[in-house]
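Trainee: Data: final_24.pdb, PDB, C-alpha atoms.
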ATOM      1  CA  MET A  32    -245.552 -59.284  73.656  1.00  0.00           C
ATOM      2  CA  SER A  33    -242.844 -59.873  71.042  1.00  0.00           C
ATOM      3  CA  HIS A  34    -240.822 -61.743  73.682  1.00  0.00           C
ATOM      4  CA  LEU A  35    -243.439 -64.518  73.607  1.00  0.00           C
ATOM      5  CA  SER A  36    -243.265 -67.515  71.279  1.00  0.00           C
ATOM      6  CA  LEU A  37    -245.796 -67.843  68.469  1.00  0.00           C
ATOM      7  CA  PRO A  38    -247.793 -70.583  70.281  1.00  0.00           C
ATOM      8  CA  ALA A  39    -247.893 -68.389  73.388  1.00  0.00           C
ATOM      9  CA  LEU A  40    -249.142 -65.447  71.330  1.00  0.00           C
ATOM     10  CA  HIS A  41    -251.855 -67.669  69.861  1.00  0.00           C
ATOM     11  CA  ARG A  42    -252.946 -68.751  73.340  1.00  0.00           C
ATOM     12  CA  LEU A  43    -253.118 -65.091  74.310  1.00  0.00           C
ATOM     13  CA  GLY A  44    -255.307 -64.425  71.260  1.00  0.00           C
ATOM     14  CA  ASN A  45    -257.587 -67.317  72.178  1.00  0.00           C
ATOM     15  CA  ALA A  46    -257.984 -65.902  75.679  1.00  0.00           C
ATOM     16  CA  ALA A  47    -258.742 -62.426  74.325  1.00  0.00           C
ATOM     17  CA  ALA A  48    -261.424 -63.844  72.022  1.00  0.00           C
ATOM     18  CA  TRP A  49    -262.980 -65.835  74.879  1.00  0.00           C
ATOM     19  CA  LEU A  50    -263.065 -62.747  77.082  1.00  0.00           C
ATOM     20  CA  THR A  51    -264.518 -60.633  74.255  1.00  0.00           C
ATOM     21  CA  GLU A  52    -267.385 -63.100  73.876  1.00  0.00           C
ATOM     22  CA  ARG A  53    -268.012 -63.402  77.612  1.00  0.00           C
ATOM     23  CA  LEU A  54    -268.125 -59.620  78.028  1.00  0.00           C
ATOM     24  CA  GLY A  55    -270.422 -59.260  75.009  1.00  0.00           C
ATOM     25  CA  ARG A  56    -268.219 -56.639  73.449  1.00  0.00           C
ATOM     26  CA  GLU A  57    -268.968 -55.012  70.093  1.00  0.00           C
ATOM     27  CA  GLU A  58    -266.576 -57.322  68.209  1.00  0.00           C
ATOM     28  CA  TRP A  59    -268.594 -60.358  69.311  1.00  0.00           C
ATOM     29  CA  HIS A  60    -271.855 -58.681  68.320  1.00  0.00           C
ATOM     30  CA  VAL A  61    -270.464 -57.839  64.869  1.00  0.00           C
ATOM     31  CA  ALA A  62    -269.274 -61.425  64.347  1.00  0.00           C
ATOM     32  CA  ARG A  63    -272.706 -62.808  65.301  1.00  0.00           C
ATOM     33  CA  VAL A  64    -274.596 -60.380  63.056  1.00  0.00           C
ATOM     34  CA  ASN A  65    -272.306 -61.143  60.103  1.00  0.00           C
ATOM     35  CA  ALA A  66    -272.706 -64.897  60.551  1.00  0.00           C
ATOM     36  CA  ASP A  67    -276.483 -64.504  60.730  1.00  0.00           C
ATOM     37  CA  LEU A  68    -276.610 -62.331  57.598  1.00  0.00           C
ATOM     38  CA  CYS A  69    -274.272 -64.508  55.522  1.00  0.00           C
ATOM     39  CA  PHE A  70    -275.596 -67.944  56.461  1.00  0.00           C
ATOM     40  CA  PRO A  71    -279.304 -67.605  57.406  1.00  0.00           C
ATOM     41  CA  ASP A  72    -279.947 -71.257  56.459  1.00  0.00           C
ATOM     42  CA  TRP A  73    -277.461 -72.571  59.031  1.00  0.00           C
ATOM     43  CA  SER A  74    -278.606 -73.579  62.491  1.00  0.00           C
ATOM     44  CA  GLU A  75    -278.198 -71.016  65.243  1.00  0.00           C
ATOM     45  CA  GLU A  76    -275.518 -73.143  66.900  1.00  0.00           C
ATOM     46  CA  ALA A  77    -273.539 -73.445  63.634  1.00  0.00           C
ATOM     47  CA  ARG A  78    -273.649 -69.680  63.160  1.00  0.00           C
ATOM     48  CA  ARG A  79    -272.535 -69.151  66.752  1.00  0.00           C
ATOM     49  CA  GLN A  80    -269.605 -71.529  66.263  1.00  0.00           C
ATOM     50  CA  LEU A  81    -268.604 -69.710  63.058  1.00  0.00           C
ATOM     51  CA  ALA A  82    -268.699 -66.343  64.830  1.00  0.00           C
ATOM     52  CA  ARG A  83    -266.634 -67.792  67.679  1.00  0.00           C
ATOM     53  CA  SER A  84    -264.032 -69.202  65.267  1.00  0.00           C
ATOM     54  CA  ALA A  85    -263.835 -65.946  63.328  1.00  0.00           C
ATOM     55  CA  LEU A  86    -263.377 -63.939  66.520  1.00  0.00           C
ATOM     56  CA  ARG A  87    -260.633 -66.312  67.680  1.00  0.00           C
ATOM     57  CA  GLU A  88    -258.729 -66.168  64.377  1.00  0.00           C
ATOM     58  CA  ASN A  89    -258.991 -62.372  64.279  1.00  0.00           C
ATOM     59  CA  ALA A  90    -257.599 -62.140  67.811  1.00  0.00           C
ATOM     60  CA  ARG A  91    -254.750 -64.528  66.985  1.00  0.00           C
ATOM     61  CA  GLY A  92    -253.937 -62.497  63.887  1.00  0.00           C
ATOM     62  CA  LEU A  93    -253.910 -59.309  65.925  1.00  0.00           C
ATOM     63  CA  VAL A  94    -251.454 -60.542  68.549  1.00  0.00           C
ATOM     64  CA  GLU A  95    -249.276 -62.083  65.805  1.00  0.00           C
ATOM     65  CA  LEU A  96    -248.437 -58.508  64.828  1.00  0.00           C
ATOM     66  CA  ALA A  97    -246.113 -58.365  67.833  1.00  0.00           C
ATOM     67  CA  ALA A  98    -243.962 -61.015  66.159  1.00  0.00           C
ATOM     68  CA  ALA A  99    -244.350 -59.711  62.599  1.00  0.00           C
ATOM     69  CA  TRP A 100    -243.406 -56.150  63.545  1.00  0.00           C
ATOM     70  CA  GLN A 101    -240.701 -56.857  66.145  1.00  0.00           C
ATOM     71  CA  TRP A 102    -238.956 -60.125  65.375  1.00  0.00           C
ATOM     72  CA  PRO A 103    -235.989 -60.015  62.969  1.00  0.00           C
ATOM     73  CA  VAL A 104    -237.190 -60.399  59.378  1.00  0.00           C
ATOM     74  CA  ARG A 105    -235.181 -63.605  58.950  1.00  0.00           C
ATOM     75  CA  ARG A 106    -236.923 -65.131  61.973  1.00  0.00           C
ATOM     76  CA  VAL A 107    -240.363 -64.195  60.666  1.00  0.00           C
ATOM     77  CA  LEU A 108    -239.592 -65.615  57.227  1.00  0.00           C
ATOM     78  CA  GLY A 109    -238.373 -68.767  58.951  1.00  0.00           C
ATOM     79  CA  LEU A 110    -241.971 -69.460  59.979  1.00  0.00           C
ATOM     80  CA  ILE A 111    -242.873 -70.144  56.333  1.00  0.00           C
ATOM     81  CA  GLU A 112    -243.043 -73.896  55.814  1.00  0.00           C
ATOM     82  CA  SER A 113    -243.695 -73.982  52.069  1.00  0.00           C
ATOM     83  CA  VAL A 114    -244.453 -71.689  49.133  1.00  0.00           C
ATOM     84  CA  GLU A 115    -246.785 -72.434  46.239  1.00  0.00           C
ATOM     85  CA  GLY A 116    -246.759 -70.385  43.052  1.00  0.00           C
ATOM     86  CA  ALA A 117    -243.474 -68.494  43.457  1.00  0.00           C
ATOM     87  CA  GLU A 118    -242.844 -69.046  39.755  1.00  0.00           C
ATOM     88  CA  VAL A 119    -246.054 -67.157  38.951  1.00  0.00           C
ATOM     89  CA  VAL A 120    -244.618 -64.047  40.601  1.00  0.00           C
ATOM     90  CA  ASP A 121    -241.337 -64.399  38.710  1.00  0.00           C
ATOM     91  CA  GLU A 122    -243.087 -64.919  35.361  1.00  0.00           C
ATOM     92  CA  ALA A 123    -245.342 -61.916  35.920  1.00  0.00           C
ATOM     93  CA  LEU A 124    -242.407 -59.677  36.812  1.00  0.00           C
ATOM     94  CA  ALA A 125    -240.542 -60.837  33.707  1.00  0.00           C
ATOM     95  CA  GLU A 126    -243.236 -59.195  31.573  1.00  0.00           C
ATOM     96  CA  GLY A 127    -241.875 -55.808  32.677  1.00  0.00           C
ATOM     97  CA  ARG A 128    -245.283 -54.273  33.389  1.00  0.00           C
ATOM     98  CA  GLY A 129    -245.073 -54.311  37.157  1.00  0.00           C
ATOM     99  CA  LEU A 130    -247.086 -56.642  39.358  1.00  0.00           C
ATOM    100  CA  LEU A 131    -250.383 -56.241  41.203  1.00  0.00           C
ATOM    101  CA  VAL A 132    -250.848 -58.483  44.240  1.00  0.00           C
ATOM    102  CA  ILE A 133    -254.316 -58.652  45.749  1.00  0.00           C
ATOM    103  CA  ALA A 134    -254.308 -59.996  49.318  1.00  0.00           C
ATOM    104  CA  PRO A 135    -257.262 -59.592  51.688  1.00  0.00           C
ATOM    105  CA  HIS A 136    -256.903 -59.301  55.465  1.00  0.00           C
ATOM    106  CA  HIS A 137    -256.952 -63.080  55.704  1.00  0.00           C
ATOM    107  CA  GLY A 138    -254.256 -65.191  57.290  1.00  0.00           C
ATOM    108  CA  ALA A 139    -250.805 -63.719  57.923  1.00  0.00           C
ATOM    109  CA  TRP A 140    -250.789 -60.868  55.409  1.00  0.00           C
ATOM    110  CA  GLU A 141    -247.815 -59.222  57.137  1.00  0.00           C
ATOM    111  CA  VAL A 142    -245.709 -62.320  56.453  1.00  0.00           C
ATOM    112  CA  LEU A 143    -246.822 -62.272  52.815  1.00  0.00           C
ATOM    113  CA  GLN A 144    -245.587 -58.704  52.306  1.00  0.00           C
ATOM    114  CA  MET A 145    -242.252 -59.602  53.908  1.00  0.00           C
ATOM    115  CA  TRP A 146    -241.813 -62.554  51.559  1.00  0.00           C
ATOM    116  CA  LEU A 147    -242.712 -60.475  48.496  1.00  0.00           C
ATOM    117  CA  ALA A 148    -240.401 -57.629  49.514  1.00  0.00           C
ATOM    118  CA  GLN A 149    -237.436 -60.019  49.382  1.00  0.00           C
ATOM    119  CA  ARG A 150    -238.150 -60.701  45.699  1.00  0.00           C
ATOM    120  CA  VAL A 151    -239.284 -57.347  44.325  1.00  0.00           C
ATOM    121  CA  ARG A 152    -239.597 -53.703  45.360  1.00  0.00           C
ATOM    122  CA  LEU A 153    -243.041 -53.715  46.960  1.00  0.00           C
ATOM    123  CA  ASN A 154    -245.355 -50.745  47.437  1.00  0.00           C
ATOM    124  CA  ALA A 155    -248.612 -50.693  49.386  1.00  0.00           C
ATOM    125  CA  LEU A 156    -251.155 -48.359  50.916  1.00  0.00           C
ATOM    126  CA  TYR A 157    -251.887 -48.212  54.606  1.00  0.00           C
ATOM    127  CA  ARG A 158    -254.677 -46.560  56.532  1.00  0.00           C
ATOM    128  CA  PRO A 159    -253.288 -44.476  59.423  1.00  0.00           C
ATOM    129  CA  PRO A 160    -254.556 -46.049  62.680  1.00  0.00           C
ATOM    130  CA  ARG A 161    -257.097 -44.322  64.854  1.00  0.00           C
ATOM    131  CA  TRP A 162    -254.457 -44.227  67.602  1.00  0.00           C
ATOM    132  CA  LYS A 163    -251.860 -41.847  66.217  1.00  0.00           C
ATOM    133  CA  GLU A 164    -249.270 -43.205  68.647  1.00  0.00           C
ATOM    134  CA  LEU A 165    -249.357 -46.535  66.780  1.00  0.00           C
ATOM    135  CA  GLU A 166    -248.514 -45.097  63.369  1.00  0.00           C
ATOM    136  CA  ALA A 167    -244.755 -44.871  63.953  1.00  0.00           C
ATOM    137  CA  LEU A 168    -244.693 -48.423  65.377  1.00  0.00           C
ATOM    138  CA  LEU A 169    -246.698 -49.726  62.418  1.00  0.00           C
ATOM    139  CA  ASN A 170    -244.499 -48.057  59.815  1.00  0.00           C
ATOM    140  CA  ARG A 171    -241.254 -49.040  61.515  1.00  0.00           C
ATOM    141  CA  GLY A 172    -242.322 -52.669  61.853  1.00  0.00           C
ATOM    142  CA  ARG A 173    -243.522 -53.038  58.284  1.00  0.00           C
ATOM    143  CA  SER A 174    -240.765 -51.139  56.512  1.00  0.00           C
ATOM    144  CA  ARG A 175    -238.080 -53.460  57.927  1.00  0.00           C
ATOM    145  CA  SER A 176    -238.863 -55.837  55.054  1.00  0.00           C
ATOM    146  CA  GLY A 177    -237.841 -53.209  52.496  1.00  0.00           C
ATOM    147  CA  ALA A 178    -241.411 -52.560  51.367  1.00  0.00           C
ATOM    148  CA  VAL A 179    -242.581 -48.967  50.929  1.00  0.00           C
ATOM    149  CA  PHE A 180    -245.903 -47.993  52.499  1.00  0.00           C
ATOM    150  CA  TRP A 181    -247.924 -44.978  51.425  1.00  0.00           C
ATOM    151  CA  PRO A 182    -250.829 -43.416  53.346  1.00  0.00           C
ATOM    152  CA  ALA A 183    -254.240 -44.052  51.786  1.00  0.00           C
ATOM    153  CA  ARG A 184    -254.538 -40.593  50.286  1.00  0.00           C
ATOM    154  CA  PRO A 185    -254.500 -39.269  46.686  1.00  0.00           C
ATOM    155  CA  SER A 186    -250.723 -38.813  46.903  1.00  0.00           C
ATOM    156  CA  GLY A 187    -250.332 -42.457  47.911  1.00  0.00           C
ATOM    157  CA  ILE A 188    -252.497 -43.637  45.031  1.00  0.00           C
ATOM    158  CA  ARG A 189    -250.410 -41.620  42.578  1.00  0.00           C
ATOM    159  CA  ALA A 190    -247.314 -43.270  44.013  1.00  0.00           C
ATOM    160  CA  LEU A 191    -248.783 -46.707  43.255  1.00  0.00           C
ATOM    161  CA  PHE A 192    -249.371 -45.838  39.597  1.00  0.00           C
ATOM    162  CA  LYS A 193    -245.816 -44.527  39.359  1.00  0.00           C
ATOM    163  CA  ALA A 194    -244.430 -47.716  40.934  1.00  0.00           C
ATOM    164  CA  LEU A 195    -246.241 -49.936  38.445  1.00  0.00           C
ATOM    165  CA  LYS A 196    -244.962 -47.908  35.517  1.00  0.00           C
ATOM    166  CA  ALA A 197    -241.451 -48.420  36.902  1.00  0.00           C
ATOM    167  CA  GLY A 198    -241.961 -52.194  36.862  1.00  0.00           C
ATOM    168  CA  GLU A 199    -242.338 -52.524  40.632  1.00  0.00           C
ATOM    169  CA  ALA A 200    -244.932 -54.486  42.600  1.00  0.00           C
ATOM    170  CA  VAL A 201    -248.006 -53.071  44.317  1.00  0.00           C
ATOM    171  CA  GLY A 202    -249.861 -54.912  47.050  1.00  0.00           C
ATOM    172  CA  VAL A 203    -253.483 -54.042  47.792  1.00  0.00           C
ATOM    173  CA  LEU A 204    -255.661 -55.201  50.672  1.00  0.00           C
ATOM    174  CA  PRO A 205    -258.994 -55.094  48.822  1.00  0.00           C
ATOM    175  CA  ASP A 206    -261.285 -55.299  51.861  1.00  0.00           C
ATOM    176  CA  GLN A 207    -260.572 -51.674  52.724  1.00  0.00           C
ATOM    177  CA  SER A 208    -261.054 -48.535  50.646  1.00  0.00           C
ATOM    178  CA  PRO A 209    -259.271 -45.176  50.656  1.00  0.00           C
ATOM    179  CA  PRO A 210    -261.452 -42.208  51.665  1.00  0.00           C
ATOM    180  CA  GLY A 211    -263.867 -41.165  48.937  1.00  0.00           C
ATOM    181  CA  GLU A 212    -263.309 -44.374  46.974  1.00  0.00           C
ATOM    182  CA  GLY A 213    -265.439 -47.469  46.420  1.00  0.00           C
ATOM    183  CA  VAL A 214    -268.935 -48.577  45.468  1.00  0.00           C
ATOM    184  CA  PHE A 215    -271.606 -50.704  47.120  1.00  0.00           C
ATOM    185  CA  ALA A 216    -271.754 -54.200  45.663  1.00  0.00           C
ATOM    186  CA  PRO A 217    -273.673 -57.298  46.791  1.00  0.00           C
ATOM    187  CA  PHE A 218    -271.825 -59.512  49.269  1.00  0.00           C
ATOM    188  CA  PHE A 219    -273.766 -62.551  50.518  1.00  0.00           C
ATOM    189  CA  GLY A 220    -276.864 -60.729  49.256  1.00  0.00           C
ATOM    190  CA  ARG A 221    -276.126 -57.546  51.193  1.00  0.00           C
ATOM    191  CA  PRO A 222    -274.708 -54.261  49.879  1.00  0.00           C
ATOM    192  CA  ALA A 223    -271.119 -53.848  51.073  1.00  0.00           C
ATOM    193  CA  LYS A 224    -268.644 -51.025  50.488  1.00  0.00           C
ATOM    194  CA  THR A 225    -266.225 -52.438  47.939  1.00  0.00           C
ATOM    195  CA  MET A 226    -262.915 -51.080  46.691  1.00  0.00           C
ATOM    196  CA  THR A 227    -262.644 -49.987  43.053  1.00  0.00           C
ATOM    197  CA  LEU A 228    -259.011 -48.856  43.255  1.00  0.00           C
ATOM    198  CA  PHE A 229    -257.585 -52.278  42.420  1.00  0.00           C
ATOM    199  CA  GLY A 230    -259.630 -52.560  39.227  1.00  0.00           C
ATOM    200  CA  LYS A 231    -258.543 -49.082  38.165  1.00  0.00           C
ATOM    201  CA  LEU A 232    -254.887 -49.913  38.779  1.00  0.00           C
ATOM    202  CA  ALA A 233    -255.159 -53.083  36.700  1.00  0.00           C
ATOM    203  CA  GLU A 234    -257.116 -51.437  33.878  1.00  0.00           C
ATOM    204  CA  ARG A 235    -254.945 -48.353  33.490  1.00  0.00           C
ATOM    205  CA  THR A 236    -251.554 -50.058  33.785  1.00  0.00           C
ATOM    206  CA  ASN A 237    -252.296 -53.494  32.291  1.00  0.00           C
ATOM    207  CA  ALA A 238    -250.111 -54.962  35.025  1.00  0.00           C
ATOM    208  CA  PRO A 239    -250.445 -58.717  35.649  1.00  0.00           C
ATOM    209  CA  VAL A 240    -252.518 -59.655  38.689  1.00  0.00           C
ATOM    210  CA  VAL A 241    -251.658 -62.290  41.311  1.00  0.00           C
ATOM    211  CA  ILE A 242    -253.756 -63.305  44.315  1.00  0.00           C
ATOM    212  CA  GLY A 243    -251.696 -63.836  47.461  1.00  0.00           C
ATOM    213  CA  TRP A 244    -252.413 -65.460  50.806  1.00  0.00           C
ATOM    214  CA  ALA A 245    -250.260 -66.586  53.736  1.00  0.00           C
TER
END
Show this structure as structure tokens.

Mentor:
Amino acid sequence: MSHLSLPALHRLGNAAAWLTERLGREEWHVARVNADLCFPDWSEEARRQLARSALRENARGLVELAAAWQWPVRRVLGLIESVEGAEVVDEALAEGRGLLVIAPHHGAWEVLQMWLAQRVRLNALYRPPRWKELEALLNRGRSRSGAVFWPARPSGIRALFKALKAGEAVGVLPDQSPPGEGVFAPFFGRPAKTMTLFGKLAERTNAPVVIGWA
């Protein structure tokens, strides 16, 4: 898949989303239920369109991984058209207390970590995939940027605290939680498992916090 251009990958993602909806797979059901729960006042057609758009963007983001993990880093970074707030990162790092970057699974988060890793030593947690065969591919693709990825285990969390104390950066995807971590908090009026790790990292290290999105 990495031999395809980015527009071709996006077309492939669109087709996968269309097929997922037509086959009524679990991903389509989840998208519909979430749209219904979050926006009960919307018309049924508006909620269906939202679920369809979300499914399509998720599929496009998934197939983009072929480019993010396989293309040369310089080529991936060449996709970035503009950057807003780079000075915020530099100013935060100048404080010498490390840097916490919070970046949900929204947009091209893999490109964001590559960009950050060119400016600062970046550390992050990752959840080992359900398919063990993918773990080596995932780690090899991500580590090309120079970032260091730790498994979402107690040892990995300790490594993040150590990195912040050393003045390095830590990136956290807050819409996931390491095993045994997190609380239920209201999200669109519904209880949702919510990470507490990021708050603990910020509180205990007093590291500056930046929100990132690509």

Trainee: Compile the contact shell of Ala48 in chain A as a list of chain:residue names: residues with an atom at most 12 Å away, counting only C-alpha atoms, same-chain residues fewer than 6 positions apart removed.

Mentor: A:His41, A:Arg42, A:Leu54, A:Gly55, A:Arg56, A:Glu57, A:Glu58, A:Trp59, A:Ala62, A:Ala82, A:Arg83, A:Ser84, A:Ala85, A:Leu86, A:Arg87, A:Glu88, A:Asn89, A:Ala90, A:Arg91, A:Gly92, A:Leu93, A:Val94

Trainee: When you draw a straight line from CA of Ala148 in chain A to CA of Val179 in chain A, how long is it in Å?

Mentor: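 Those two atoms sit 9.0 Å apart.
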
Trainee: Where does the PyMOL selection byres ((chain A and resi 132) around 7) land in this file, that is, which residues does it pick, as a PDB file with C-alpha atoms, in the coordinates of the input?

Mentor:
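Here's the written file part34.pdb:
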ATOM      1  CA  LEU A 130    -247.086 -56.642  39.358  1.00  0.00           C
ATOM      2  CA  LEU A 131    -250.383 -56.241  41.203  1.00  0.00           C
ATOM      3  CA  ILE A 133    -254.316 -58.652  45.749  1.00  0.00           C
ATOM      4  CA  ALA A 134    -254.308 -59.996  49.318  1.00  0.00           C
ATOM      5  CA  VAL A 201    -248.006 -53.071  44.317  1.00  0.00           C
ATOM      6  CA  GLY A 202    -249.861 -54.912  47.050  1.00  0.00           C
ATOM      7  CA  VAL A 203    -253.483 -54.042  47.792  1.00  0.00           C
ATOM      8  CA  VAL A 240    -252.518 -59.655  38.689  1.00  0.00           C
ATOM      9  CA  VAL A 241    -251.658 -62.290  41.311  1.00  0.00           C
ATOM     10  CA  ILE A 242    -253.756 -63.305  44.315  1.00  0.00           C
ATOM     11  CA  GLY A 243    -251.696 -63.836  47.461  1.00  0.00           C
TER      12      GLY A 243
END

Trainee: Which residues, written as a ChimeraX atom specification, have at least one atom at most 10 Å from Ala223 in chain A, with all atoms listed in the file counted and residues fewer than 6 positions away on the same chain left out?

Mentor: /A:206,213-217

Trainee: Quick one: of A:Ala197, A:Leu110, A:Ala167, A:Ala178, who's nearest to Pro38 in chain A, counting only C-alpha atoms?

Mentor: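 When distances to Pro38 in chain A are compared using only C-alpha atoms, the smallest one comes from A:Leu110.
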
Trainee: Find the distance between CA of Leu35 in chain A and CA of Leu81 in chain A and write it in Å to one decimal.

Mentor: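 Result for CA of Leu35 in chain A versus CA of Leu81 in chain A: 27.8 Å, one decimal.
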
Trainee: Between CA of Glu166 in chain A and CA of Phe229 in chain A, what distance in Å does the model show, to one decimal?

Mentor: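 Going from CA of Glu166 in chain A over to CA of Phe229 in chain A covers 23.9 Å.
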
Trainee: Counting all atoms listed in the file, what is within 12 Å of Ala123 in chain A, bar same-chain residues fewer than 4 positions away, as a list in words?

Mentor: Gly116, Ala117, Glu118, Val119, Gly127, Arg128, Gly129, Leu130, Leu131, Val132, Val151, Gly198, Glu199, Ala200, Asn237, Ala238, Pro239, Val240, Val241 and Ile242 of chain A
